[in-house]
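Q: Here you go, this is data-v3.cif (mmCIF, C-alpha atoms and all ligand atoms).
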```
data_query
loop_
_atom_site.label_atom_id
_atom_site.label_comp_id
_atom_site.auth_asym_id
_atom_site.auth_seq_id
_atom_site.Cartn_x
_atom_site.Cartn_y
_atom_site.Cartn_z
CA MET K 28 67.48 101.42 92.79
CA VAL K 29 67.18 98.55 95.24
CA HIS K 30 69.14 98.38 98.46
CA GLU K 31 68.55 94.89 99.82
CA THR K 32 71.54 92.89 100.97
CA ILE K 33 71.67 89.37 99.61
CA LEU K 34 73.94 86.60 100.84
CA VAL K 35 74.91 84.40 97.89
CA VAL K 36 76.19 81.08 99.17
CA GLY K 37 78.20 79.37 96.43
CA GLY K 38 78.54 82.69 94.60
CA ALA K 39 81.93 81.79 93.09
CA GLY K 40 80.52 78.96 91.01
CA TYR K 41 79.27 79.00 87.44
CA ILE K 42 75.61 79.98 87.93
CA GLY K 43 76.32 81.78 91.21
CA SER K 44 78.93 84.16 89.78
CA HIS K 45 76.69 85.10 86.84
CA THR K 46 73.81 85.78 89.22
CA VAL K 47 76.06 87.89 91.47
CA LYS K 48 77.04 90.11 88.50
CA TYR K 49 73.43 90.46 87.40
CA LEU K 50 72.20 91.34 90.92
CA LEU K 51 74.98 93.91 91.34
CA GLU K 52 73.90 95.52 88.04
CA LYS K 53 70.39 95.73 89.48
CA GLY K 54 71.68 97.55 92.57
CA TYR K 55 71.61 94.86 95.26
CA ASN K 56 74.36 94.71 97.89
CA ILE K 57 75.97 91.31 97.56
CA ILE K 58 77.88 89.15 99.99
CA VAL K 59 79.46 86.02 98.54
CA TYR K 60 80.17 83.03 100.77
CA ASP K 61 82.10 80.24 99.07
CA SER K 62 84.57 77.54 100.06
CA LEU K 63 86.34 77.82 96.67
CA VAL K 64 86.44 74.02 96.58
CA ASN K 65 84.51 74.08 93.31
CA GLY K 66 84.19 77.87 92.91
CA HIS K 67 86.89 80.24 91.64
CA GLU K 68 87.90 83.46 93.38
CA GLU K 69 88.54 85.15 89.98
CA LEU K 70 84.83 84.86 89.18
CA ILE K 71 83.69 86.91 92.17
CA ASP K 72 82.87 90.48 91.21
CA GLN K 73 85.06 93.04 93.01
CA SER K 74 81.99 94.97 94.20
CA ALA K 75 80.77 92.00 96.22
CA LYS K 76 81.93 91.44 99.78
CA PHE K 77 83.58 88.01 100.00
CA TYR K 78 83.91 85.50 102.83
CA LYS K 79 85.78 82.25 102.24
CA GLY K 80 84.22 79.42 104.18
CA CYS K 81 82.61 76.00 103.98
CA LEU K 82 78.92 75.46 104.49
CA SER K 83 79.88 73.17 107.38
CA ASP K 84 81.73 76.00 109.15
CA GLU K 85 79.07 77.29 111.55
CA ILE K 86 81.46 79.72 113.26
CA MET K 87 82.31 81.41 109.97
CA LEU K 88 78.66 81.47 108.88
CA GLU K 89 77.61 83.04 112.18
CA LYS K 90 80.31 85.67 111.67
CA VAL K 91 78.82 86.54 108.26
CA PHE K 92 75.32 86.92 109.72
CA SER K 93 76.50 88.89 112.75
CA GLU K 94 78.56 91.32 110.65
CA ASN K 95 75.89 92.02 108.02
CA LYS K 96 72.19 92.86 107.92
CA ILE K 97 71.01 90.26 105.40
CA ASP K 98 67.57 90.45 103.75
CA ALA K 99 67.60 87.13 101.90
CA VAL K 100 69.86 84.23 100.97
CA ILE K 101 70.41 82.51 97.63
CA ASP K 102 71.87 79.05 98.13
CA PHE K 103 73.86 77.75 95.15
CA ALA K 104 76.24 75.69 97.26
CA GLY K 105 76.10 72.00 96.65
CA PHE K 106 77.62 69.12 94.76
CA ILE K 107 76.14 68.83 91.29
CA GLU K 108 77.49 65.85 89.38
CA ALA K 109 74.81 63.18 89.11
CA GLY K 110 77.36 60.50 88.13
CA GLU K 111 79.64 61.30 91.07
CA SER K 112 76.66 61.15 93.46
CA MET K 113 76.24 57.46 92.61
CA LYS K 114 79.82 56.82 93.73
CA ARG K 115 79.92 59.12 96.80
CA PRO K 116 76.36 59.34 98.15
CA LEU K 117 77.35 60.14 101.75
CA MET K 118 79.34 63.17 100.66
CA PHE K 119 76.29 64.38 98.70
CA PHE K 120 73.81 63.89 101.55
CA GLU K 121 76.17 65.47 104.06
CA ASN K 122 76.74 68.59 102.00
CA ASN K 123 73.51 69.04 100.03
CA VAL K 124 71.24 68.24 102.98
CA GLY K 125 73.15 68.29 106.30
CA ASN K 126 75.21 71.42 105.73
CA CYS K 127 72.29 73.26 104.12
CA ILE K 128 70.22 72.57 107.26
CA LYS K 129 72.97 74.27 109.30
CA LEU K 130 72.61 77.29 107.05
CA LEU K 131 68.84 77.41 107.69
CA ARG K 132 69.32 77.15 111.45
CA ILE K 133 71.78 80.04 111.44
CA MET K 134 69.53 82.12 109.18
CA LEU K 135 66.61 81.73 111.56
CA LYS K 136 68.82 82.45 114.56
CA PHE K 137 69.63 85.82 112.96
CA ASN K 138 65.99 86.44 111.91
CA VAL K 139 66.67 85.97 108.19
CA ASN K 140 63.77 83.92 106.83
CA LYS K 141 63.93 84.12 103.04
CA ILE K 142 65.86 81.77 100.79
CA ILE K 143 66.08 80.94 97.08
CA PHE K 144 67.31 77.39 96.68
CA SER K 145 69.05 75.87 93.65
CA SER K 146 67.15 72.69 92.93
CA THR K 147 67.22 70.61 89.78
CA ALA K 148 65.33 68.80 87.07
CA ALA K 149 66.98 65.69 88.50
CA VAL K 150 64.27 65.59 91.22
CA TYR K 151 61.84 64.19 88.62
CA GLY K 152 63.91 61.12 87.71
CA VAL K 153 62.52 59.51 84.57
CA PRO K 154 59.50 61.66 83.74
CA LYS K 155 56.29 59.91 82.72
CA LYS K 156 55.51 62.83 80.38
CA VAL K 157 57.25 65.84 78.88
CA PRO K 158 57.22 68.76 79.21
CA ILE K 159 57.47 68.28 82.97
CA THR K 160 55.25 70.32 85.26
CA GLU K 161 56.08 71.07 88.89
CA ASP K 162 53.51 68.71 90.40
CA ASP K 163 54.59 65.70 88.29
CA GLU K 164 55.90 62.66 90.14
CA LYS K 165 59.29 63.13 91.75
CA LYS K 166 61.31 59.92 91.77
CA PRO K 167 65.02 60.74 91.36
CA ILE K 168 67.24 58.08 89.80
CA ASN K 169 70.49 59.44 91.22
CA TYR K 170 71.54 60.53 94.70
CA TYR K 171 72.15 64.06 93.48
CA GLY K 172 68.44 64.44 92.64
CA GLU K 173 67.55 62.65 95.87
CA THR K 174 69.50 65.16 97.98
CA LYS K 175 67.93 68.14 96.24
CA LEU K 176 64.42 66.72 96.64
CA MET K 177 65.10 65.98 100.29
CA PHE K 178 66.24 69.52 100.92
CA GLU K 179 63.14 70.89 99.16
CA GLN K 180 61.14 68.88 101.71
CA VAL K 181 63.24 70.32 104.54
CA LEU K 182 62.43 73.82 103.26
CA ASN K 183 58.71 72.99 103.20
CA ALA K 184 58.85 71.60 106.74
CA ALA K 185 60.72 74.68 107.96
CA ARG K 186 57.74 76.86 107.01
CA THR K 187 56.35 76.09 110.46
CA GLU K 188 59.47 77.79 111.86
CA GLY K 189 58.80 80.87 109.74
CA LEU K 190 61.02 80.11 106.75
CA LYS K 191 59.92 81.29 103.30
CA SER K 192 61.47 79.78 100.19
CA ILE K 193 61.48 79.57 96.43
CA LYS K 194 63.01 76.46 94.90
CA LEU K 195 64.27 76.83 91.34
CA ARG K 196 64.50 73.53 89.51
CA TYR K 197 67.12 74.23 86.87
CA PHE K 198 67.27 72.32 83.68
CA ASN K 199 70.65 72.35 81.86
CA ALA K 200 72.47 75.63 82.42
CA ALA K 201 74.98 76.45 79.68
CA GLY K 202 76.67 79.32 77.81
CA ALA K 203 78.84 82.24 78.90
CA TRP K 204 78.29 85.90 79.84
CA TYR K 205 80.20 88.69 81.59
CA ASN K 206 83.47 86.99 80.52
CA ILE K 207 82.54 84.03 82.69
CA GLY K 208 82.11 80.56 81.28
CA GLU K 209 81.47 77.04 82.41
CA TRP K 210 84.53 75.96 84.38
CA HIS K 211 84.17 72.75 86.32
CA ASN K 212 87.08 70.62 87.39
CA PRO K 213 86.91 67.91 86.20
CA GLU K 214 84.50 68.93 83.42
CA THR K 215 81.70 66.44 82.81
CA HIS K 216 79.08 68.63 81.10
CA LEU K 217 78.25 68.10 77.46
CA ILE K 218 78.58 71.60 75.97
CA PRO K 219 82.02 72.52 77.39
CA LEU K 220 83.31 69.04 76.52
CA VAL K 221 82.12 69.29 72.90
CA ILE K 222 83.63 72.76 72.62
CA ASN K 223 86.95 71.55 74.01
CA THR K 224 86.87 68.83 71.37
CA ALA K 225 86.24 71.45 68.65
CA LEU K 226 89.24 73.37 70.03
CA GLY K 227 91.40 70.27 69.62
CA LEU K 228 91.92 69.89 73.38
CA ARG K 229 90.30 66.45 73.32
CA GLU K 230 90.58 63.76 70.67
CA SER K 231 86.88 62.99 70.51
CA ILE K 232 83.52 63.48 72.17
CA LYS K 233 81.78 60.42 73.57
CA ILE K 234 78.01 60.04 73.24
CA PHE K 235 76.76 58.22 76.30
CA GLY K 236 74.12 55.93 74.79
CA VAL K 237 72.42 55.93 71.39
CA ASP K 238 69.66 53.47 72.28
CA TYR K 239 67.34 55.77 74.25
CA ASP K 240 63.71 56.10 73.25
CA THR K 241 64.19 59.59 71.78
CA LYS K 242 64.13 61.19 68.30
CA ASP K 243 67.68 60.00 67.44
CA GLY K 244 68.45 57.58 70.27
CA THR K 245 70.51 60.09 72.31
CA CYS K 246 69.41 61.88 75.51
CA VAL K 247 67.36 65.05 75.21
CA ARG K 248 67.90 68.03 77.53
CA ASP K 249 66.49 71.54 77.94
CA TYR K 250 69.47 73.92 77.71
CA VAL K 251 68.97 77.33 79.31
CA HIS K 252 71.44 80.19 78.92
CA VAL K 253 73.16 81.07 82.18
CA VAL K 254 72.31 84.77 81.83
CA ASP K 255 68.61 83.90 81.41
CA LEU K 256 69.02 81.87 84.58
CA ALA K 257 70.63 84.83 86.37
CA LYS K 258 67.61 86.98 85.37
CA ALA K 259 65.30 84.24 86.64
CA HIS K 260 66.96 84.51 90.06
CA GLU K 261 66.43 88.25 90.23
CA LEU K 262 62.75 87.87 89.37
CA ALA K 263 62.34 85.08 91.91
CA LEU K 264 64.15 87.15 94.53
CA ARG K 265 61.83 90.14 93.95
CA GLY K 266 58.91 87.73 94.22
CA LEU K 267 60.19 86.18 97.44
CA LEU K 268 60.76 89.61 98.99
CA ASN K 269 57.14 90.39 98.06
CA GLY K 270 55.74 87.21 99.61
CA ILE K 271 55.75 84.67 96.75
CA GLU K 272 56.83 81.13 97.64
CA GLY K 273 56.92 77.76 95.92
CA GLU K 274 58.81 75.62 93.44
CA PHE K 275 59.39 76.43 89.80
CA ASN K 276 60.93 74.80 86.75
CA VAL K 277 63.45 77.02 85.04
CA GLY K 278 63.92 75.81 81.49
CA THR K 279 62.97 76.87 77.98
CA GLY K 280 60.42 74.18 77.13
CA LYS K 281 62.56 73.04 74.14
CA GLY K 282 64.64 69.88 74.12
CA TYR K 283 67.79 69.09 72.13
CA SER K 284 69.43 65.69 71.77
CA VAL K 285 73.13 65.07 72.39
CA LYS K 286 73.56 64.65 68.61
CA GLU K 287 71.80 67.96 67.95
CA VAL K 288 74.07 69.73 70.43
CA ILE K 289 77.15 68.24 68.73
CA ASP K 290 75.83 69.30 65.28
CA THR K 291 75.18 72.83 66.59
CA VAL K 292 78.75 73.06 67.91
CA LYS K 293 80.11 71.85 64.56
CA ARG K 294 78.00 74.41 62.68
CA VAL K 295 78.70 77.37 64.98
CA THR K 296 82.46 76.71 65.22
CA GLY K 297 83.01 75.47 61.66
CA LYS K 298 85.11 72.64 63.12
CA ASP K 299 84.80 68.93 62.50
CA PHE K 300 85.86 66.38 65.12
CA LYS K 301 85.60 62.74 66.06
CA ILE K 302 82.53 61.29 67.80
CA GLU K 303 82.62 58.01 69.72
CA ILE K 304 79.60 55.98 70.70
CA SER K 305 79.85 54.90 74.30
CA GLU K 306 77.80 53.04 76.91
CA ARG K 307 74.96 54.81 78.72
CA ARG K 308 76.09 56.82 81.77
CA GLU K 309 74.54 55.68 85.05
CA GLY K 310 71.77 57.94 86.33
CA ASP K 311 70.84 59.60 82.99
CA PRO K 312 67.11 59.89 82.17
CA ALA K 313 66.29 59.83 78.42
CA ILE K 314 64.43 63.16 78.27
CA LEU K 315 64.30 66.17 80.59
CA VAL K 316 62.34 69.10 79.18
CA ALA K 317 60.64 71.70 81.37
CA SER K 318 57.25 73.17 81.19
CA PRO K 319 58.28 76.69 82.23
CA GLU K 320 54.62 77.86 82.24
CA LYS K 321 54.37 78.37 86.00
CA PHE K 322 57.54 80.47 86.11
CA PHE K 323 56.47 82.46 83.00
CA LYS K 324 53.05 83.18 84.47
CA THR K 325 54.24 84.04 87.97
CA PHE K 326 57.26 86.16 87.10
CA GLY K 327 56.84 87.13 83.44
CA TRP K 328 60.22 85.54 82.60
CA MET K 329 60.98 84.52 79.05
CA PRO K 330 64.34 83.01 78.09
CA GLU K 331 65.93 85.24 75.45
CA LYS K 332 68.76 83.04 74.25
CA ASP K 333 68.56 79.86 72.17
CA LEU K 334 70.97 76.96 71.68
CA ASN K 335 72.90 78.84 68.94
CA GLU K 336 73.60 81.71 71.34
CA ILE K 337 74.45 79.31 74.14
CA VAL K 338 77.00 77.57 71.93
CA SER K 339 78.43 80.72 70.33
CA SER K 340 78.87 82.48 73.70
CA ALA K 341 80.53 79.37 75.16
CA TRP K 342 82.74 79.05 72.06
CA SER K 343 84.04 82.64 72.33
CA TRP K 344 84.69 82.24 76.04
CA HIS K 345 86.58 78.95 75.65
CA LYS K 346 88.63 80.35 72.73
CA THR K 347 89.62 83.41 74.79
CA GLN K 348 90.58 81.18 77.72
CA LEU K 349 92.81 79.10 75.48
CA GLU K 350 94.46 82.16 73.90
CA THR K 351 95.11 83.67 77.35
CA PHE K 352 96.54 80.36 78.57
CA LYS K 353 98.87 80.10 75.52
CA LYS K 354 100.20 83.63 76.15
CA LYS K 355 101.13 82.78 79.76
N1 LIG K 401 76.79 63.51 77.65
C1 LIG K 401 77.44 62.79 76.65
N2 LIG K 401 78.80 62.86 76.59
C2 LIG K 401 79.54 63.58 77.47
C3 LIG K 401 78.87 64.33 78.48
C4 LIG K 401 77.48 64.26 78.54
O1 LIG K 401 76.82 62.10 75.84
O2 LIG K 401 80.77 63.58 77.36
C5 LIG K 401 75.33 63.46 77.70
C6 LIG K 401 74.80 62.97 79.04
O3 LIG K 401 74.73 61.56 79.05
C7 LIG K 401 73.43 63.64 79.09
C8 LIG K 401 73.63 64.96 78.31
O4 LIG K 401 74.83 64.77 77.57
O5 LIG K 401 72.50 62.88 78.40
C9 LIG K 401 73.79 66.16 79.22
O6 LIG K 401 74.77 65.82 80.20
P1 LIG K 401 75.39 66.89 81.20
O7 LIG K 401 76.41 66.17 82.01
O8 LIG K 401 75.84 68.09 80.44
O9 LIG K 401 74.17 67.35 82.09
P2 LIG K 401 73.11 66.49 82.92
O10 LIG K 401 71.83 66.48 82.15
O11 LIG K 401 73.66 65.18 83.32
O12 LIG K 401 72.99 67.31 84.26
C10 LIG K 401 72.85 68.71 84.26
C11 LIG K 401 73.44 69.25 85.56
C12 LIG K 401 72.63 68.80 86.71
C13 LIG K 401 71.16 69.12 86.50
C14 LIG K 401 70.68 68.57 85.20
C15 LIG K 401 69.27 69.01 84.99
O13 LIG K 401 74.77 68.81 85.74
O14 LIG K 401 73.11 69.48 87.85
O15 LIG K 401 71.50 69.06 84.16
O16 LIG K 401 68.76 68.59 83.76
F1 LIG K 401 70.43 68.55 87.47
#
```
Would you encode the structure as structure tokens?
Ligand code: UFG

A:
Amino acid sequence: MVHETILVVGGAGYIGSHTVKYLLEKGYNIIVYDSLVNGHEELIDQSAKFYKGCLSDEIMLEKVFSENKIDAVIDFAGFIEAGESMKRPLMFFENNVGNCIKLLRIMLKFNVNKIIFSSTAAVYGVPKKVPITEDDEKKPINYYGETKLMFEQVLNAARTEGLKSIKLRYFNAAGAWYNIGEWHNPETHLIPLVINTALGLRESIKIFGVDYDTKDGTCVRDYVHVVDLAKAHELALRGLLNGIEGEFNVGTGKGYSVKEVIDTVKRVTGKDFKIEISERREGDPAILVASPEKFFKTFGWMPEKDLNEIVSSAWSWHKTQLETFKKK
């Protein structure tokens, strides 16, 4: 049984709340800090201690650190929509870089020097080769990726002040576990949108671009089940507590096109629905597939769930949500 106390910033979000549940199962003491702007209070496990606050609220953050003996921080807080970042770059830089720097300053003030940071495949931009390895060129094509890359650099610079970090570059998180599913507002992610279409909540699903240089002309992504991602955080956390640092891709190494995802949803759900071909979405690279080799080798992690399981777990969760909503 482990006894470390972990502060999970952004722990009421989709990946954060799954990771909180998984860490609690493993015996960690968990403190969740979340503004609930994008997170949901219902997703926070009752066994976690919860503070409601923004990352910009230094007084509240200092209160959290002064009231608790924290061993390490996992930082999930941040804006995540690549498309939105192209419209509101200042908001992205302010939150994903500026406010995260405040968090680091307060951590160091309270002698907490270990952090796992949620980074992204978007730091690579349009990769020159796939699968992508960690030392490949990083040239983001949206401000979201830019902010995450910039904060990775901040973390590297802060080593001279004693900070130790692991940056996890997620590929496309999807699926549902622990009765928690993907719940963004507004929803922009492919899998929940296709599932909502299969449920009849939307008239059609739009494919953003069919003229990419890929197997069927649609974008290819590496979908990783959210519970595999939660496990990846626990392994990285153990590693960090034992002195490992660095940046790691967290993906499966397998890519699926938008059309393949839609076909999988049709097959798994047994539902047919309308597809519309639409313009490309700004800021979308054609292919993002991870080489997860470094993470495999360092931490012995292997993703256990494939696209079928991602889709079927998301399908059951969305169906249950709809049934519960209808009963209300
Ligand atoms: N797509 C559609 N139609 C839709 C929604 C999405 O065709 O209605 C396409 C997108 O153009 C893209 C693919 O489906 O090609 C996946 O799009 P998502 O919005 O689901 O995910 P992204 O790849 O844009 O981004 C996600 C996360 C980021 C993370 C990135 C890493 O939102 O935070 O994965 O690969 F950085």

Q: Using Å and a single decimal, report how far atom CA of Gly37 of chain K sits from atom O5 of ligand LIG 401 (chain K).

A: 25.1 Å

Q: Using only C-alpha atoms and all ligand atoms, what are the residues with an atom within 8 Å of ligand LIG 401 (chain K), set out as an MDAnalysis selection string?

A: chainID K and resid 107:110 146:150 171:172 196:200 215:218 220:221 232:236 245:249 284:285 305 307:308 311:313 315:316

Q: Kindly indicate which residue among K:Ile314, K:Glu272, K:Glu89, K:Trp344 lies nearest to Gly152 of chain K, using only C-alpha atoms for the distances.

A: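 Result for the nearest residue to Gly152 of chain K: K:Ile314.
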
Q: Rounded to one decimal, what separation in Å do you get between atom CA of Val292 of chain K and atom CA of Phe106 of chain K?

A: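 About the pair atom CA of Val292 of chain K and atom CA of Phe106 of chain K: they are 27.2 Å apart.
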
Q: Excluding Lys48 of chain K and residues on its chain fewer than 2 positions from it, collect all residues at most 12 Å away from it, counting only C-alpha atoms, and give them as a PDB file with C-alpha atoms, in the coordinates of the input.

A:
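Final output, saved to out_16.pdb:
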```pdb
ATOM      1  CA  VAL K  35      74.910  84.400  97.890  1.00  0.00           C
ATOM      2  CA  GLY K  38      78.540  82.690  94.600  1.00  0.00           C
ATOM      3  CA  ALA K  39      81.930  81.790  93.090  1.00  0.00           C
ATOM      4  CA  GLY K  40      80.520  78.960  91.010  1.00  0.00           C
ATOM      5  CA  TYR K  41      79.270  79.000  87.440  1.00  0.00           C
ATOM      6  CA  ILE K  42      75.610  79.980  87.930  1.00  0.00           C
ATOM      7  CA  GLY K  43      76.320  81.780  91.210  1.00  0.00           C
ATOM      8  CA  SER K  44      78.930  84.160  89.780  1.00  0.00           C
ATOM      9  CA  HIS K  45      76.690  85.100  86.840  1.00  0.00           C
ATOM     10  CA  THR K  46      73.810  85.780  89.220  1.00  0.00           C
ATOM     11  CA  LEU K  50      72.200  91.340  90.920  1.00  0.00           C
ATOM     12  CA  LEU K  51      74.980  93.910  91.340  1.00  0.00           C
ATOM     13  CA  GLU K  52      73.900  95.520  88.040  1.00  0.00           C
ATOM     14  CA  LYS K  53      70.390  95.730  89.480  1.00  0.00           C
ATOM     15  CA  GLY K  54      71.680  97.550  92.570  1.00  0.00           C
ATOM     16  CA  TYR K  55      71.610  94.860  95.260  1.00  0.00           C
ATOM     17  CA  ASN K  56      74.360  94.710  97.890  1.00  0.00           C
ATOM     18  CA  ILE K  57      75.970  91.310  97.560  1.00  0.00           C
ATOM     19  CA  ILE K  58      77.880  89.150  99.990  1.00  0.00           C
ATOM     20  CA  VAL K  59      79.460  86.020  98.540  1.00  0.00           C
ATOM     21  CA  LEU K  70      84.830  84.860  89.180  1.00  0.00           C
ATOM     22  CA  ILE K  71      83.690  86.910  92.170  1.00  0.00           C
ATOM     23  CA  ASP K  72      82.870  90.480  91.210  1.00  0.00           C
ATOM     24  CA  GLN K  73      85.060  93.040  93.010  1.00  0.00           C
ATOM     25  CA  SER K  74      81.990  94.970  94.200  1.00  0.00           C
ATOM     26  CA  ALA K  75      80.770  92.000  96.220  1.00  0.00           C
ATOM     27  CA  TRP K 204      78.290  85.900  79.840  1.00  0.00           C
ATOM     28  CA  TYR K 205      80.200  88.690  81.590  1.00  0.00           C
ATOM     29  CA  ASN K 206      83.470  86.990  80.520  1.00  0.00           C
ATOM     30  CA  ILE K 207      82.540  84.030  82.690  1.00  0.00           C
ATOM     31  CA  VAL K 253      73.160  81.070  82.180  1.00  0.00           C
ATOM     32  CA  VAL K 254      72.310  84.770  81.830  1.00  0.00           C
ATOM     33  CA  ALA K 257      70.630  84.830  86.370  1.00  0.00           C
ATOM     34  CA  LYS K 258      67.610  86.980  85.370  1.00  0.00           C
ATOM     35  CA  HIS K 260      66.960  84.510  90.060  1.00  0.00           C
ATOM     36  CA  GLU K 261      66.430  88.250  90.230  1.00  0.00           C
TER      37      GLU K 261
END
```

Q: Do you know which residues are at most 10 Å from Glu173 of chain K counting only C-alpha atoms, after dropping those on the same chain fewer than 6 positions away, and could you put them as a PyMOL selection string?

A: chain K and resi 109+112+116+119-120+123-124+149-152+165-167+179

Q: Report as a short mmCIF file (atom, residue, chain, number, x, y, z; two decimals) with C-alpha atoms, keeping the file's coordinate frame all protein, DNA and RNA residues lying within 9 Å of Lys332 of chain K, evaluated on all atoms listed in the file, omitting residues in the same chain fewer than 2 positions from it.

A:
```
data_model
loop_
_atom_site.label_atom_id
_atom_site.label_comp_id
_atom_site.auth_asym_id
_atom_site.auth_seq_id
_atom_site.Cartn_x
_atom_site.Cartn_y
_atom_site.Cartn_z
CA VAL K 251 68.97 77.33 79.31
CA HIS K 252 71.44 80.19 78.92
CA VAL K 254 72.31 84.77 81.83
CA ASP K 255 68.61 83.90 81.41
CA PRO K 330 64.34 83.01 78.09
CA LEU K 334 70.97 76.96 71.68
CA ASN K 335 72.90 78.84 68.94
CA GLU K 336 73.60 81.71 71.34
CA ILE K 337 74.45 79.31 74.14
#
```

Q: Would you mind reading off the distance between atom CA of Phe103 of chain K and atom CA of Asn122 of chain K, one decimal, in Å?

A: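 Spanning atom CA of Phe103 of chain K to atom CA of Asn122 of chain K is a straight-line distance of 11.8 Å.
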
Q: In the coordinate frame of the file, compute which residues have an atom within 12 Å of (61.5, 81.8, 108.8) when using all atoms listed in the file, and state them as number ranges by chain.

A: K: 98-100, 131-142, 182-192

Q: Would you mind telling me which residue in K:Leu226, K:Ala201, K:Val36, K:Met113 lies nearest to Glu350 of chain K when using only C-alpha atoms?

A: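 That would be K:Leu226, the residue with the smallest distance to Glu350 of chain K.
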
Q: Find the residues around Leu82 of chain K up to 10 Å (all atoms listed in the file counted), leave out those fewer than 3 positions away in its own chain, and share them as JSON, numbers by chain.

A: {"K": [36, 37, 60, 61, 62, 79, 85, 87, 88, 104, 105, 122, 123, 125, 126, 127, 128, 129, 130]}

Q: Residues at most 6 Å from Ala203 of chain K, counting only C-alpha atoms, excluding those fewer than 3 positions away in the same chain, as a PyMOL selection string?

A: chain K and resi 207-208+340-341

Q: Would you place a box with edges along x, y and z of the file around all atoms of segment 209-216 of chain K listed there, add 6 Å to each of its six sides, and report the centre and edge lengths in Å to one decimal, as JSON?

A:
```
{"center_x": 83.1, "center_y": 71.7, "center_z": 84.2, "size_x": 20.0, "size_y": 22.6, "size_z": 18.3}
```

Q: Considering only C-alpha atoms, state which residue in the set K:Val338, K:Ile33, K:Ile193, K:Val47 is at the smallest distance from Val91 of chain K.

A: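 Closest to Val91 of chain K, using only C-alpha atoms: K:Ile33.
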
Q: Find the residue from K:Gly227, K:Gly80, K:Pro154, K:Pro319 that sits nearest to Gly280 of chain K; use all atoms listed in the file when measuring.

A: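 Of all the options, K:Pro319 lies closest to Gly280 of chain K.
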
Q: So which one's closest to Glu230 of chain K, K:Lys353, K:Lys324, K:Tyr283, K:Ile302? Using only C-alpha atoms, please.

A: K:Ile302
